[in-house]
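J.: Got a structure for you, run_13.pdb, holding PDB, C-alpha atoms.
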```pdb
MODEL        1
ATOM      1  CA  MET A   1       2.219  24.379   0.296
ATOM      2  CA  GLU A   2      -0.636  23.443  -1.977
ATOM      3  CA  ASN A   3       0.800  20.564  -3.977
ATOM      4  CA  ILE A   4      -0.481  17.382  -2.354
ATOM      5  CA  GLN A   5       1.704  14.852  -4.171
ATOM      6  CA  PHE A   6       4.809  16.833  -3.406
ATOM      7  CA  LYS A   7       3.862  17.130   0.257
ATOM      8  CA  LYS A   8       3.295  13.376   0.623
ATOM      9  CA  GLY A   9       6.793  12.457  -0.411
ATOM     10  CA  VAL A  10       8.332  15.045   1.859
ATOM     11  CA  LEU A  11       6.118  13.961   4.742
ATOM     12  CA  GLU A  12       7.735  10.522   4.827
ATOM     13  CA  LEU A  13      11.190  12.075   5.073
ATOM     14  CA  CYS A  14      10.071  14.475   7.838
ATOM     15  CA  VAL A  15       8.543  11.625   9.854
ATOM     16  CA  LEU A  16      11.725   9.540   9.564
ATOM     17  CA  VAL A  17      13.925  12.476  10.581
ATOM     18  CA  LEU A  18      11.796  13.504  13.567
ATOM     19  CA  VAL A  19      11.440   9.983  14.969
ATOM     20  CA  GLY A  20      15.179   9.554  14.392
ATOM     21  CA  GLN A  21      15.899  12.462  16.737
ATOM     22  CA  GLN A  22      13.897  10.951  19.608
ATOM     23  CA  ASP A  23      11.164   8.349  20.130
ATOM     24  CA  LEU A  24       7.799  10.006  19.608
ATOM     25  CA  TYR A  25       4.139   9.095  19.997
ATOM     26  CA  GLY A  26       1.742   9.772  17.153
ATOM     27  CA  TYR A  27       0.116  12.897  18.541
ATOM     28  CA  GLU A  28       3.450  14.497  19.342
ATOM     29  CA  LEU A  29       4.728  13.749  15.865
ATOM     30  CA  VAL A  30       1.588  15.140  14.212
ATOM     31  CA  ASN A  31       1.928  18.333  16.241
ATOM     32  CA  ASN A  32       5.595  18.766  15.391
ATOM     33  CA  ILE A  33       5.010  18.323  11.695
ATOM     34  CA  SER A  34       1.874  20.419  11.408
ATOM     35  CA  LYS A  35       3.836  23.312  12.892
ATOM     36  CA  TYR A  36       5.791  23.433   9.631
ATOM     37  CA  ILE A  37       3.655  21.729   6.994
ATOM     38  CA  GLU A  38      -0.072  22.061   6.517
ATOM     39  CA  ILE A  39      -1.481  18.509   6.410
ATOM     40  CA  SER A  40      -4.559  16.495   7.194
ATOM     41  CA  GLU A  41      -3.294  15.292  10.559
ATOM     42  CA  GLY A  42      -4.831  11.856  10.150
ATOM     43  CA  THR A  43      -2.548  11.000   7.218
ATOM     44  CA  ILE A  44       0.433  10.604   9.544
ATOM     45  CA  TYR A  45      -0.984   7.398  11.033
ATOM     46  CA  PRO A  46      -1.257   5.397   7.777
ATOM     47  CA  LEU A  47       2.289   6.512   7.041
ATOM     48  CA  LEU A  48       3.509   5.367  10.474
ATOM     49  CA  ARG A  49       1.823   1.987  10.044
ATOM     50  CA  ARG A  50       3.335   1.450   6.624
ATOM     51  CA  LEU A  51       6.834   2.420   7.744
ATOM     52  CA  THR A  52       6.447   0.101  10.754
ATOM     53  CA  LYS A  53       5.375  -2.781   8.514
ATOM     54  CA  GLU A  54       8.347  -2.146   6.289
ATOM     55  CA  GLY A  55      10.563  -2.534   9.353
ATOM     56  CA  TYR A  56      11.709   1.085   9.640
ATOM     57  CA  PHE A  57      10.008   1.649  13.002
ATOM     58  CA  THR A  58       9.333  -0.431  16.085
ATOM     59  CA  THR A  59       6.633   0.528  18.572
ATOM     60  CA  TYR A  60       6.159   0.244  22.325
ATOM     61  CA  LEU A  61       3.537   1.404  24.816
ATOM     62  CA  ALA A  62       4.509   3.700  27.682
ATOM     63  CA  GLU A  63       2.429   5.127  30.515
ATOM     64  CA  SER A  64       2.086   8.896  30.687
ATOM     65  CA  HIS A  65       1.613  11.241  33.650
ATOM     66  CA  GLU A  66      -1.786  12.202  32.399
ATOM     67  CA  GLY A  67      -4.213  10.506  30.035
ATOM     68  CA  PRO A  68      -3.934   7.101  28.347
ATOM     69  CA  PRO A  69      -0.723   5.097  27.716
ATOM     70  CA  ARG A  70       1.030   6.216  24.564
ATOM     71  CA  LYS A  71       2.283   4.266  21.594
ATOM     72  CA  TYR A  72       5.842   5.366  20.870
ATOM     73  CA  TYR A  73       7.679   4.939  17.601
ATOM     74  CA  ARG A  74      11.414   4.254  17.407
ATOM     75  CA  LEU A  75      13.592   4.329  14.295
ATOM     76  CA  THR A  76      15.319   0.992  13.572
ATOM     77  CA  GLU A  77      18.755   0.557  12.003
ATOM     78  CA  GLY A  78      17.083  -0.198   8.687
ATOM     79  CA  GLY A  79      15.049   2.958   9.175
ATOM     80  CA  GLN A  80      18.210   4.982   9.717
ATOM     81  CA  ARG A  81      19.691   3.703   6.469
ATOM     82  CA  TYR A  82      16.438   4.407   4.626
ATOM     83  CA  ARG A  83      16.279   7.915   6.099
ATOM     84  CA  ASP A  84      19.872   8.620   5.069
ATOM     85  CA  ASP A  85      19.121   7.417   1.535
ATOM     86  CA  LEU A  86      16.057   9.638   1.320
ATOM     87  CA  MET A  87      18.011  12.612   2.663
ATOM     88  CA  ARG A  88      20.674  12.149   0.002
ATOM     89  CA  GLU A  89      17.992  11.913  -2.689
ATOM     90  CA  TRP A  90      16.364  15.035  -1.305
ATOM     91  CA  ASP A  91      19.680  16.928  -1.374
ATOM     92  CA  VAL A  92      20.302  15.960  -4.978
ATOM     93  CA  PHE A  93      16.730  16.868  -5.943
ATOM     94  CA  VAL A  94      16.809  20.270  -4.243
ATOM     95  CA  GLY A  95      20.255  20.960  -5.706
ATOM     96  CA  ARG A  96      19.032  20.293  -9.229
ATOM     97  CA  VAL A  97      15.856  22.323  -8.821
ATOM     98  CA  ASN A  98      17.910  25.191  -7.417
ATOM     99  CA  SER A  99      20.328  25.117 -10.306
ATOM    100  CA  VAL A 100      17.390  25.299 -12.725
ATOM    101  CA  ILE A 101      15.852  28.169 -10.780
ATOM    102  CA  PHE A 102      19.138  30.072 -10.575
ATOM    103  CA  GLN A 103      19.941  29.607 -14.247
ATOM    104  CA  GLY A 104      16.397  30.639 -15.155
ATOM    105  CA  GLY A 105      16.738  33.721 -12.946
ATOM    106  CA  ARG A 106      20.018  34.820 -14.556
ATOM    107  CA  HIS A 107      18.573  34.225 -17.985
ATOM    108  CA  GLU A 108      15.611  36.480 -17.289
ATOM    109  CA  GLN A 109      17.830  39.256 -15.981
ATOM    110  CA  GLY A 110      20.213  39.011 -18.933
TER     111      GLY A 110
ATOM    112  CA  MET B 111     -18.312  15.322  13.548
ATOM    113  CA  ASN B 112     -17.218  14.286  17.055
ATOM    114  CA  LYS B 113     -14.860  11.569  18.270
ATOM    115  CA  ASP B 114     -17.457   8.775  18.243
ATOM    116  CA  ASN B 115     -18.722   9.641  14.750
ATOM    117  CA  PHE B 116     -15.179   9.762  13.428
ATOM    118  CA  LEU B 117     -14.205   6.413  14.947
ATOM    119  CA  LYS B 118     -17.445   4.784  13.816
ATOM    120  CA  ALA B 119     -16.997   6.026  10.258
ATOM    121  CA  LEU B 120     -13.423   4.762  10.280
ATOM    122  CA  GLU B 121     -14.450   1.391  11.665
ATOM    123  CA  ALA B 122     -17.192   0.989   9.066
ATOM    124  CA  GLU B 123     -14.749   1.697   6.235
ATOM    125  CA  LEU B 124     -12.179  -0.726   7.627
ATOM    126  CA  ARG B 125     -14.443  -3.752   7.300
ATOM    127  CA  GLY B 126     -12.707  -6.453   5.324
ATOM    128  CA  ILE B 127      -9.396  -6.268   7.122
ATOM    129  CA  ASP B 128      -8.154  -8.384  10.002
ATOM    130  CA  GLY B 129      -9.895  -7.635  13.338
ATOM    131  CA  ASP B 130      -6.683  -7.157  15.347
ATOM    132  CA  GLU B 131      -5.323  -4.777  12.797
ATOM    133  CA  ARG B 132      -8.573  -2.803  12.745
ATOM    134  CA  ASN B 133      -8.555  -2.487  16.524
ATOM    135  CA  GLU B 134      -4.954  -1.334  16.485
ATOM    136  CA  ILE B 135      -5.774   1.389  13.968
ATOM    137  CA  LEU B 136      -8.838   2.530  15.911
ATOM    138  CA  ALA B 137      -6.841   2.582  19.171
ATOM    139  CA  GLU B 138      -4.310   4.882  17.552
ATOM    140  CA  TYR B 139      -6.917   7.436  16.487
ATOM    141  CA  ARG B 140      -8.688   7.122  19.838
ATOM    142  CA  GLU B 141      -5.400   7.906  21.575
ATOM    143  CA  HIS B 142      -5.011  10.946  19.326
ATOM    144  CA  PHE B 143      -8.463  12.231  20.352
ATOM    145  CA  GLU B 144      -7.851  11.570  24.046
ATOM    146  CA  ILE B 145      -4.518  13.393  24.149
ATOM    147  CA  ALA B 146      -5.889  16.300  22.119
ATOM    148  CA  CYS B 147      -8.933  16.625  24.373
ATOM    149  CA  ALA B 148      -6.728  16.441  27.479
ATOM    150  CA  GLU B 149      -4.925  19.456  26.023
ATOM    151  CA  GLY B 150      -8.233  21.271  25.862
ATOM    152  CA  ARG B 151      -8.975  20.956  22.139
ATOM    153  CA  ASP B 152     -12.578  20.245  21.178
ATOM    154  CA  GLU B 153     -13.520  16.955  19.520
ATOM    155  CA  ALA B 154     -15.014  18.519  16.397
ATOM    156  CA  GLY B 155     -11.881  20.548  15.750
ATOM    157  CA  VAL B 156      -9.651  17.512  16.217
ATOM    158  CA  ALA B 157     -11.820  15.451  13.853
ATOM    159  CA  LEU B 158     -11.707  18.195  11.224
ATOM    160  CA  ALA B 159      -7.920  18.456  11.450
ATOM    161  CA  LEU B 160      -7.556  14.671  11.137
ATOM    162  CA  GLY B 161      -9.326  14.688   7.780
ATOM    163  CA  ASN B 162     -11.975  12.563   6.152
ATOM    164  CA  PRO B 163     -12.166   9.132   7.866
ATOM    165  CA  LYS B 164     -13.319   7.521   4.632
ATOM    166  CA  THR B 165     -10.223   8.566   2.698
ATOM    167  CA  LEU B 166      -7.951   7.721   5.608
ATOM    168  CA  ALA B 167      -9.544   4.285   5.854
ATOM    169  CA  LYS B 168      -8.968   3.569   2.167
ATOM    170  CA  GLU B 169      -5.234   3.992   2.465
ATOM    171  CA  LEU B 170      -5.080   1.997   5.707
ATOM    172  CA  LYS B 171      -7.191  -0.727   4.169
ATOM    173  CA  ALA B 172      -5.112  -0.944   0.996
ATOM    174  CA  THR B 173      -1.899  -1.266   3.018
ATOM    175  CA  ALA B 174      -3.433  -3.865   5.346
ATOM    176  CA  LEU B 175      -4.839  -5.974   2.488
ATOM    177  CA  ILE B 176      -1.540  -5.933   0.619
ATOM    178  CA  GLU B 177       0.141  -7.133   3.814
ATOM    179  CA  GLN B 178      -2.447  -9.893   4.296
ATOM    180  CA  ALA B 179      -2.124 -11.032   0.679
ATOM    181  CA  HIS B 180       1.625 -11.067   1.185
ATOM    182  CA  GLU B 181       1.397 -13.381   4.180
ATOM    183  CA  GLU B 182      -0.987 -15.859   2.593
ATOM    184  CA  PHE B 183      -1.330 -16.726  -1.103
ATOM    185  CA  SER B 184      -4.913 -15.856  -1.990
ATOM    186  CA  LEU B 185      -6.098 -14.528  -5.335
ATOM    187  CA  GLY B 186      -9.263 -13.268  -3.630
ATOM    188  CA  LYS B 187      -7.185 -11.117  -1.288
ATOM    189  CA  LEU B 188      -5.045  -9.925  -4.170
ATOM    190  CA  PHE B 189      -8.140  -8.767  -6.068
ATOM    191  CA  HIS B 190      -9.552  -7.114  -2.956
ATOM    192  CA  ALA B 191      -6.250  -5.317  -2.392
ATOM    193  CA  PHE B 192      -6.208  -4.265  -6.028
ATOM    194  CA  PHE B 193      -9.699  -2.772  -5.974
ATOM    195  CA  THR B 194      -9.018  -0.927  -2.721
ATOM    196  CA  ALA B 195      -5.745   0.486  -4.021
ATOM    197  CA  ALA B 196      -7.387   1.483  -7.301
ATOM    198  CA  SER B 197     -10.098   3.353  -5.411
ATOM    199  CA  LEU B 198      -7.541   5.576  -3.659
ATOM    200  CA  GLY B 199      -7.598   8.142  -6.413
ATOM    201  CA  PHE B 200      -7.681   8.832 -10.105
ATOM    202  CA  PHE B 201      -3.979   8.278 -10.687
ATOM    203  CA  ASN B 202      -3.951   5.030  -8.754
ATOM    204  CA  LEU B 203      -6.750   3.771 -10.967
ATOM    205  CA  VAL B 204      -4.980   4.828 -14.150
ATOM    206  CA  LEU B 205      -1.632   3.342 -13.127
ATOM    207  CA  LEU B 206      -3.164   0.074 -11.912
ATOM    208  CA  ALA B 207      -6.050  -0.785 -14.225
ATOM    209  CA  GLY B 208      -4.125  -1.130 -17.508
ATOM    210  CA  PRO B 209      -1.286  -3.427 -16.417
ATOM    211  CA  PHE B 210      -3.550  -5.396 -14.085
ATOM    212  CA  PHE B 211      -6.200  -6.305 -16.640
ATOM    213  CA  ALA B 212      -3.550  -6.981 -19.269
ATOM    214  CA  ILE B 213      -1.879  -9.498 -16.947
ATOM    215  CA  VAL B 214      -5.141 -11.098 -15.836
ATOM    216  CA  GLY B 215      -6.315 -11.372 -19.460
ATOM    217  CA  LEU B 216      -3.030 -12.860 -20.628
ATOM    218  CA  MET B 217      -2.924 -15.390 -17.793
ATOM    219  CA  LEU B 218      -6.542 -16.447 -18.328
ATOM    220  CA  GLY B 219      -5.844 -16.884 -22.037
ATOM    221  CA  LEU B 220      -2.761 -19.025 -21.419
ATOM    222  CA  TYR B 221      -4.602 -21.152 -18.850
ATOM    223  CA  ALA B 222      -7.389 -21.715 -21.397
ATOM    224  CA  VAL B 223      -4.805 -22.877 -23.953
ATOM    225  CA  ALA B 224      -3.165 -25.218 -21.406
ATOM    226  CA  LEU B 225      -6.540 -26.650 -20.432
ATOM    227  CA  ALA B 226      -7.586 -27.196 -24.060
ATOM    228  CA  PHE B 227      -4.269 -28.972 -24.830
ATOM    229  CA  LEU B 228      -4.558 -31.074 -21.702
ATOM    230  CA  GLY B 229      -8.091 -32.141 -22.595
ATOM    231  CA  SER B 230      -7.413 -32.890 -26.277
ATOM    232  CA  PRO B 231      -7.444 -36.751 -25.906
ATOM    233  CA  LEU B 232     -10.885 -36.464 -24.306
ATOM    234  CA  VAL B 233     -12.030 -34.313 -27.201
ATOM    235  CA  PHE B 234     -10.695 -36.991 -29.540
ATOM    236  CA  PHE B 235     -12.715 -39.717 -27.761
ATOM    237  CA  TYR B 236     -15.791 -37.558 -27.795
ATOM    238  CA  MET B 237     -15.546 -36.911 -31.521
ATOM    239  CA  ASN B 238     -14.110 -40.177 -32.893
ATOM    240  CA  GLY B 239     -14.670 -42.838 -30.265
ATOM    241  CA  PHE B 240     -11.960 -45.455 -29.643
ATOM    242  CA  PRO B 241      -9.184 -45.174 -32.307
ATOM    243  CA  THR B 242      -9.344 -48.126 -34.782
ATOM    244  CA  THR B 243      -7.890 -47.100 -38.135
ATOM    245  CA  GLY B 244      -4.241 -46.152 -38.641
ATOM    246  CA  SER B 245      -4.920 -42.434 -39.131
ATOM    247  CA  ASP B 246      -7.117 -42.425 -36.018
ATOM    248  CA  VAL B 247      -4.261 -43.882 -33.968
ATOM    249  CA  LEU B 248      -1.886 -41.267 -35.348
ATOM    250  CA  GLN B 249      -4.316 -38.502 -34.438
ATOM    251  CA  PHE B 250      -4.770 -39.974 -30.989
ATOM    252  CA  VAL B 251      -1.024 -40.073 -30.398
ATOM    253  CA  LEU B 252      -0.828 -36.446 -31.490
ATOM    254  CA  ALA B 253      -3.622 -35.608 -29.058
ATOM    255  CA  LEU B 254      -1.706 -37.366 -26.281
ATOM    256  CA  LEU B 255       1.423 -35.400 -27.120
ATOM    257  CA  LEU B 256      -0.591 -32.191 -27.110
ATOM    258  CA  SER B 257      -1.969 -33.189 -23.734
ATOM    259  CA  GLY B 258       1.566 -33.583 -22.413
ATOM    260  CA  VAL B 259       2.474 -30.141 -23.715
ATOM    261  CA  GLY B 260      -0.663 -28.790 -21.996
ATOM    262  CA  TYR B 261       0.367 -30.436 -18.737
ATOM    263  CA  PHE B 262       3.809 -28.835 -18.721
ATOM    264  CA  LEU B 263       2.382 -25.513 -19.886
ATOM    265  CA  GLY B 264      -0.038 -25.678 -16.933
ATOM    266  CA  ARG B 265       2.768 -26.498 -14.476
ATOM    267  CA  GLY B 266       4.773 -23.601 -15.885
ATOM    268  CA  LEU B 267       1.792 -21.271 -15.647
ATOM    269  CA  ILE B 268       1.230 -22.087 -11.978
ATOM    270  CA  TRP B 269       4.849 -21.204 -11.334
ATOM    271  CA  VAL B 270       4.481 -17.974 -13.342
ATOM    272  CA  THR B 271       1.270 -17.129 -11.490
ATOM    273  CA  LYS B 272       3.017 -17.349  -8.106
ATOM    274  CA  TRP B 273       5.816 -15.177  -9.384
ATOM    275  CA  MET B 274       3.338 -12.680 -10.889
ATOM    276  CA  TYR B 275       1.428 -12.623  -7.615
ATOM    277  CA  LYS B 276       4.490 -11.353  -5.763
ATOM    278  CA  TRP B 277       5.247  -8.891  -8.496
ATOM    279  CA  VAL B 278       1.687  -7.513  -8.532
ATOM    280  CA  LEU B 279       1.758  -7.106  -4.732
ATOM    281  CA  LYS B 280       5.005  -5.171  -4.955
ATOM    282  CA  TYR B 281       3.556  -2.960  -7.655
ATOM    283  CA  LEU B 282       0.426  -2.369  -5.549
ATOM    284  CA  ALA B 283       2.493  -1.424  -2.495
ATOM    285  CA  TYR B 284       4.637   0.867  -4.623
ATOM    286  CA  ASN B 285       1.514   2.448  -6.065
ATOM    287  CA  VAL B 286      -0.069   3.130  -2.661
ATOM    288  CA  LYS B 287       3.192   4.662  -1.529
ATOM    289  CA  LEU B 288       3.739   6.671  -4.677
ATOM    290  CA  VAL B 289       0.404   8.327  -5.160
ATOM    291  CA  LYS B 290      -1.528   7.704  -1.952
ATOM    292  CA  GLY B 291      -4.582   9.530  -3.245
ATOM    293  CA  ASN B 292      -6.023  12.708  -1.835
ATOM    294  CA  THR B 293      -6.325  12.670   1.900
ATOM    295  CA  ASN B 294      -7.761  16.132   2.110
ATOM    296  CA  ASN B 295     -10.850  17.113   3.993
ATOM    297  CA  GLU B 296     -12.768  16.921   0.746
ATOM    298  CA  ALA B 297     -15.247  14.075   0.549
TER     299      ALA B 297
ENDMDL
END
```
I'd like the structure from this file rewritten - as structure tokens, please.

T.:
Amino acid sequence: MENIQFKKGVLELCVLVLVGQQDLYGYELVNNISKYIEISEGTIYPLLRRLTKEGYFTTYLAESHEGPPRKYYRLTEGGQRYRDDLMREWDVFVGRVNSVIFQGGRHEQG
Amino acid sequence: MNKDNFLKALEAELRGIDGDERNEILAEYREHFEIACAEGRDEAGVALALGNPKTLAKELKATALIEQAHEEFSLGKLFHAFFTAASLGFFNLVLLAGPFFAIVGLMLGLYAVALAFLGSPLVFFYMNGFPTTGSDVLQFVLALLLSGVGYFLGRGLIWVTKWMYKWVLKYLAYNVKLVKGNTNNEA
């Protein structure tokens, strides 16, 4: 995906969904996302901070077996509602784009 | 660029925000480097994948300054937050500069009017001295009335300014979120 603006919006949704599945620390989250979407990995952290400030995440430190203690992110109730809203918006958006693409496709064939 | 260079560049760009907040941000990136290196990745590769510390810092700084200006009413902080947000990218600048300068210009103009009204009895004294004739007294009373209007206009403007302040902060936060600038590896 080349379109930066488009990616940014989707990134927020992906972060909310992934942290909603299980508490994650930043590095883990970055790795999970960059498996699917090509990003500058550092951009995840400003996003995490903003979402935390907006009350969608809480954080806690936990020791790890190896290396330094890790800062985990957990989705709050407000975060769950926000995620659900974004997912609905995403569904509607994708649905509309698809209907345009499909109509366009039929038109070209006809 | 290795871990230390990256963190130093980030730290340098984050000047101007609260010390605790800066340390928290740096700790997060340090943790990222440490975990990555423990997995056997090399520092330079990790730094490259993270992106340009300068661009990352701009977004972090804008968010932090908006938060600080939110917690404490300070026009200085608001302006600082504005200039940081506007420097995020071309679209941020375009979307922010117009409305911002229009509002600042309008408010300054209205404050000037309020101040001139408020000071009109003084202007009267300066120009005419103590009122003696009938028409002088009438003019002086008018000046006093004008001064009263200026006073209430000023009170109203202070109220509007506080309301605008909140509104501008919201718009700034929305703008940072909406466009966020380019956080590519490009300088």

J.: How big is the axis-aligned box, and where does its centre sit, when it encloses all atoms of stretch 25-32 of chain A listed in the file and has 5 Å added on every side, reported in Å to one decimal as AutoDock Vina command-line options?

T.:
```
--center_x 2.9 --center_y 13.9 --center_z 17.1 --size_x 15.5 --size_y 19.7 --size_z 15.8
```

J.: For A:Tyr73, which residue out of A:Asp85, A:Glu28, A:Asp91, A:Glu12 is the nearest one, using only C-alpha atoms?

T.: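 Looking only at the distances to A:Tyr73, the closest residue turns out to be A:Glu28.
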
J.: Applied to this file, what does the ChimeraX specification (/A :<10) & /B return in terms of residues, put as a PDB file with C-alpha atoms, keeping the file's coordinate frame?

T.:
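Output file result-v4.pdb follows:
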```
ATOM      1  CA  GLU B 134      -4.954  -1.334  16.485  1.00  0.00           C
ATOM      2  CA  ILE B 135      -5.774   1.389  13.968  1.00  0.00           C
ATOM      3  CA  ALA B 137      -6.841   2.582  19.171  1.00  0.00           C
ATOM      4  CA  GLU B 138      -4.310   4.882  17.552  1.00  0.00           C
ATOM      5  CA  TYR B 139      -6.917   7.436  16.487  1.00  0.00           C
ATOM      6  CA  ARG B 140      -8.688   7.122  19.838  1.00  0.00           C
ATOM      7  CA  GLU B 141      -5.400   7.906  21.575  1.00  0.00           C
ATOM      8  CA  HIS B 142      -5.011  10.946  19.326  1.00  0.00           C
ATOM      9  CA  PHE B 143      -8.463  12.231  20.352  1.00  0.00           C
ATOM     10  CA  GLU B 144      -7.851  11.570  24.046  1.00  0.00           C
ATOM     11  CA  ILE B 145      -4.518  13.393  24.149  1.00  0.00           C
ATOM     12  CA  ALA B 146      -5.889  16.300  22.119  1.00  0.00           C
ATOM     13  CA  CYS B 147      -8.933  16.625  24.373  1.00  0.00           C
ATOM     14  CA  ALA B 148      -6.728  16.441  27.479  1.00  0.00           C
ATOM     15  CA  GLU B 149      -4.925  19.456  26.023  1.00  0.00           C
ATOM     16  CA  VAL B 156      -9.651  17.512  16.217  1.00  0.00           C
ATOM     17  CA  ALA B 157     -11.820  15.451  13.853  1.00  0.00           C
ATOM     18  CA  LEU B 158     -11.707  18.195  11.224  1.00  0.00           C
ATOM     19  CA  ALA B 159      -7.920  18.456  11.450  1.00  0.00           C
ATOM     20  CA  LEU B 160      -7.556  14.671  11.137  1.00  0.00           C
ATOM     21  CA  GLY B 161      -9.326  14.688   7.780  1.00  0.00           C
ATOM     22  CA  ASN B 162     -11.975  12.563   6.152  1.00  0.00           C
ATOM     23  CA  PRO B 163     -12.166   9.132   7.866  1.00  0.00           C
ATOM     24  CA  THR B 165     -10.223   8.566   2.698  1.00  0.00           C
ATOM     25  CA  LEU B 166      -7.951   7.721   5.608  1.00  0.00           C
ATOM     26  CA  ALA B 167      -9.544   4.285   5.854  1.00  0.00           C
ATOM     27  CA  LYS B 168      -8.968   3.569   2.167  1.00  0.00           C
ATOM     28  CA  GLU B 169      -5.234   3.992   2.465  1.00  0.00           C
ATOM     29  CA  LEU B 170      -5.080   1.997   5.707  1.00  0.00           C
ATOM     30  CA  LYS B 171      -7.191  -0.727   4.169  1.00  0.00           C
ATOM     31  CA  THR B 173      -1.899  -1.266   3.018  1.00  0.00           C
ATOM     32  CA  ALA B 174      -3.433  -3.865   5.346  1.00  0.00           C
ATOM     33  CA  GLU B 177       0.141  -7.133   3.814  1.00  0.00           C
ATOM     34  CA  ALA B 283       2.493  -1.424  -2.495  1.00  0.00           C
ATOM     35  CA  LYS B 287       3.192   4.662  -1.529  1.00  0.00           C
ATOM     36  CA  LEU B 288       3.739   6.671  -4.677  1.00  0.00           C
ATOM     37  CA  VAL B 289       0.404   8.327  -5.160  1.00  0.00           C
ATOM     38  CA  LYS B 290      -1.528   7.704  -1.952  1.00  0.00           C
ATOM     39  CA  GLY B 291      -4.582   9.530  -3.245  1.00  0.00           C
ATOM     40  CA  ASN B 292      -6.023  12.708  -1.835  1.00  0.00           C
ATOM     41  CA  THR B 293      -6.325  12.670   1.900  1.00  0.00           C
ATOM     42  CA  ASN B 294      -7.761  16.132   2.110  1.00  0.00           C
ATOM     43  CA  ASN B 295     -10.850  17.113   3.993  1.00  0.00           C
TER      44      ASN B 295
END
```

J.: Would you mind listing what lies within 8 Å of B:Lys187 as a list in words, with all atoms listed in the file counted and same-chain residues fewer than 2 positions away left out?

T.: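 Listing them by chain and then by number gives Leu175, Ile176, Gln178, Ala179, Ser184, Leu185, Phe189, His190 and Ala191 of chain B.
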
J.: Around (-0.7, -27.9, -24.2) in the file's frame, which residues reach within 9 Å when counting all atoms listed in the file? Return as a ChimeraX atom specification?

T.: /B:223-230,255-264

J.: To one decimal place in Å, what is the distance between atom CA of A:Val15 and atom CA of A:Thr76?

T.: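 Between atom CA of A:Val15 and atom CA of A:Thr76 the gap is 13.1 Å.
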
J.: Which residue, A:Cys14, A:Ala62, A:Leu86, A:Val94, has the smallest gap to A:Tyr36 when you use all atoms listed in the file?

T.: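 Selected residue with least distance to A:Tyr36: A:Cys14.
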
J.: Here's a test: counting all atoms listed in the file, identify every protein, DNA and RNA residue with an atom at most 9 Å from (-12.2, 5.3, 11.6) in the file's coordinate frame, and state them as an mmCIF file with C-alpha atoms, in the coordinates of the input.

T.:
```cif
data_model
loop_
_atom_site.group_PDB
_atom_site.id
_atom_site.type_symbol
_atom_site.label_atom_id
_atom_site.label_comp_id
_atom_site.auth_asym_id
_atom_site.auth_seq_id
_atom_site.Cartn_x
_atom_site.Cartn_y
_atom_site.Cartn_z
ATOM 1 C CA ASN B 115 -18.722 9.641 14.750
ATOM 2 C CA PHE B 116 -15.179 9.762 13.428
ATOM 3 C CA LEU B 117 -14.205 6.413 14.947
ATOM 4 C CA LYS B 118 -17.445 4.784 13.816
ATOM 5 C CA ALA B 119 -16.997 6.026 10.258
ATOM 6 C CA LEU B 120 -13.423 4.762 10.280
ATOM 7 C CA GLU B 121 -14.450 1.391 11.665
ATOM 8 C CA ALA B 122 -17.192 0.989 9.066
ATOM 9 C CA GLU B 123 -14.749 1.697 6.235
ATOM 10 C CA LEU B 124 -12.179 -0.726 7.627
ATOM 11 C CA ARG B 132 -8.573 -2.803 12.745
ATOM 12 C CA ILE B 135 -5.774 1.389 13.968
ATOM 13 C CA LEU B 136 -8.838 2.530 15.911
ATOM 14 C CA TYR B 139 -6.917 7.436 16.487
ATOM 15 C CA PRO B 163 -12.166 9.132 7.866
ATOM 16 C CA LYS B 164 -13.319 7.521 4.632
ATOM 17 C CA LEU B 166 -7.951 7.721 5.608
ATOM 18 C CA ALA B 167 -9.544 4.285 5.854
#
```

J.: For atom CA of B:Arg265 and atom CA of B:Phe235, quote the distance in Å rounded to one decimal.

T.: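 These two atoms are separated by 24.3 Å.
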
J.: Find the distance between atom CA of B:Glu182 and atom CA of B:Leu206 and write it in Å to one decimal.

T.: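 Atom-to-atom, atom CA of B:Glu182 to atom CA of B:Leu206, that is 21.7 Å.
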
J.: Go through the shown structure with the PyMOL selection byres ((chain A and resi 83) around 9) and write out the matching residues as JSON, numbers by chain.

T.: {"A": [13, 16, 17, 20, 56, 78, 79, 80, 81, 82, 84, 85, 86, 87, 88]}
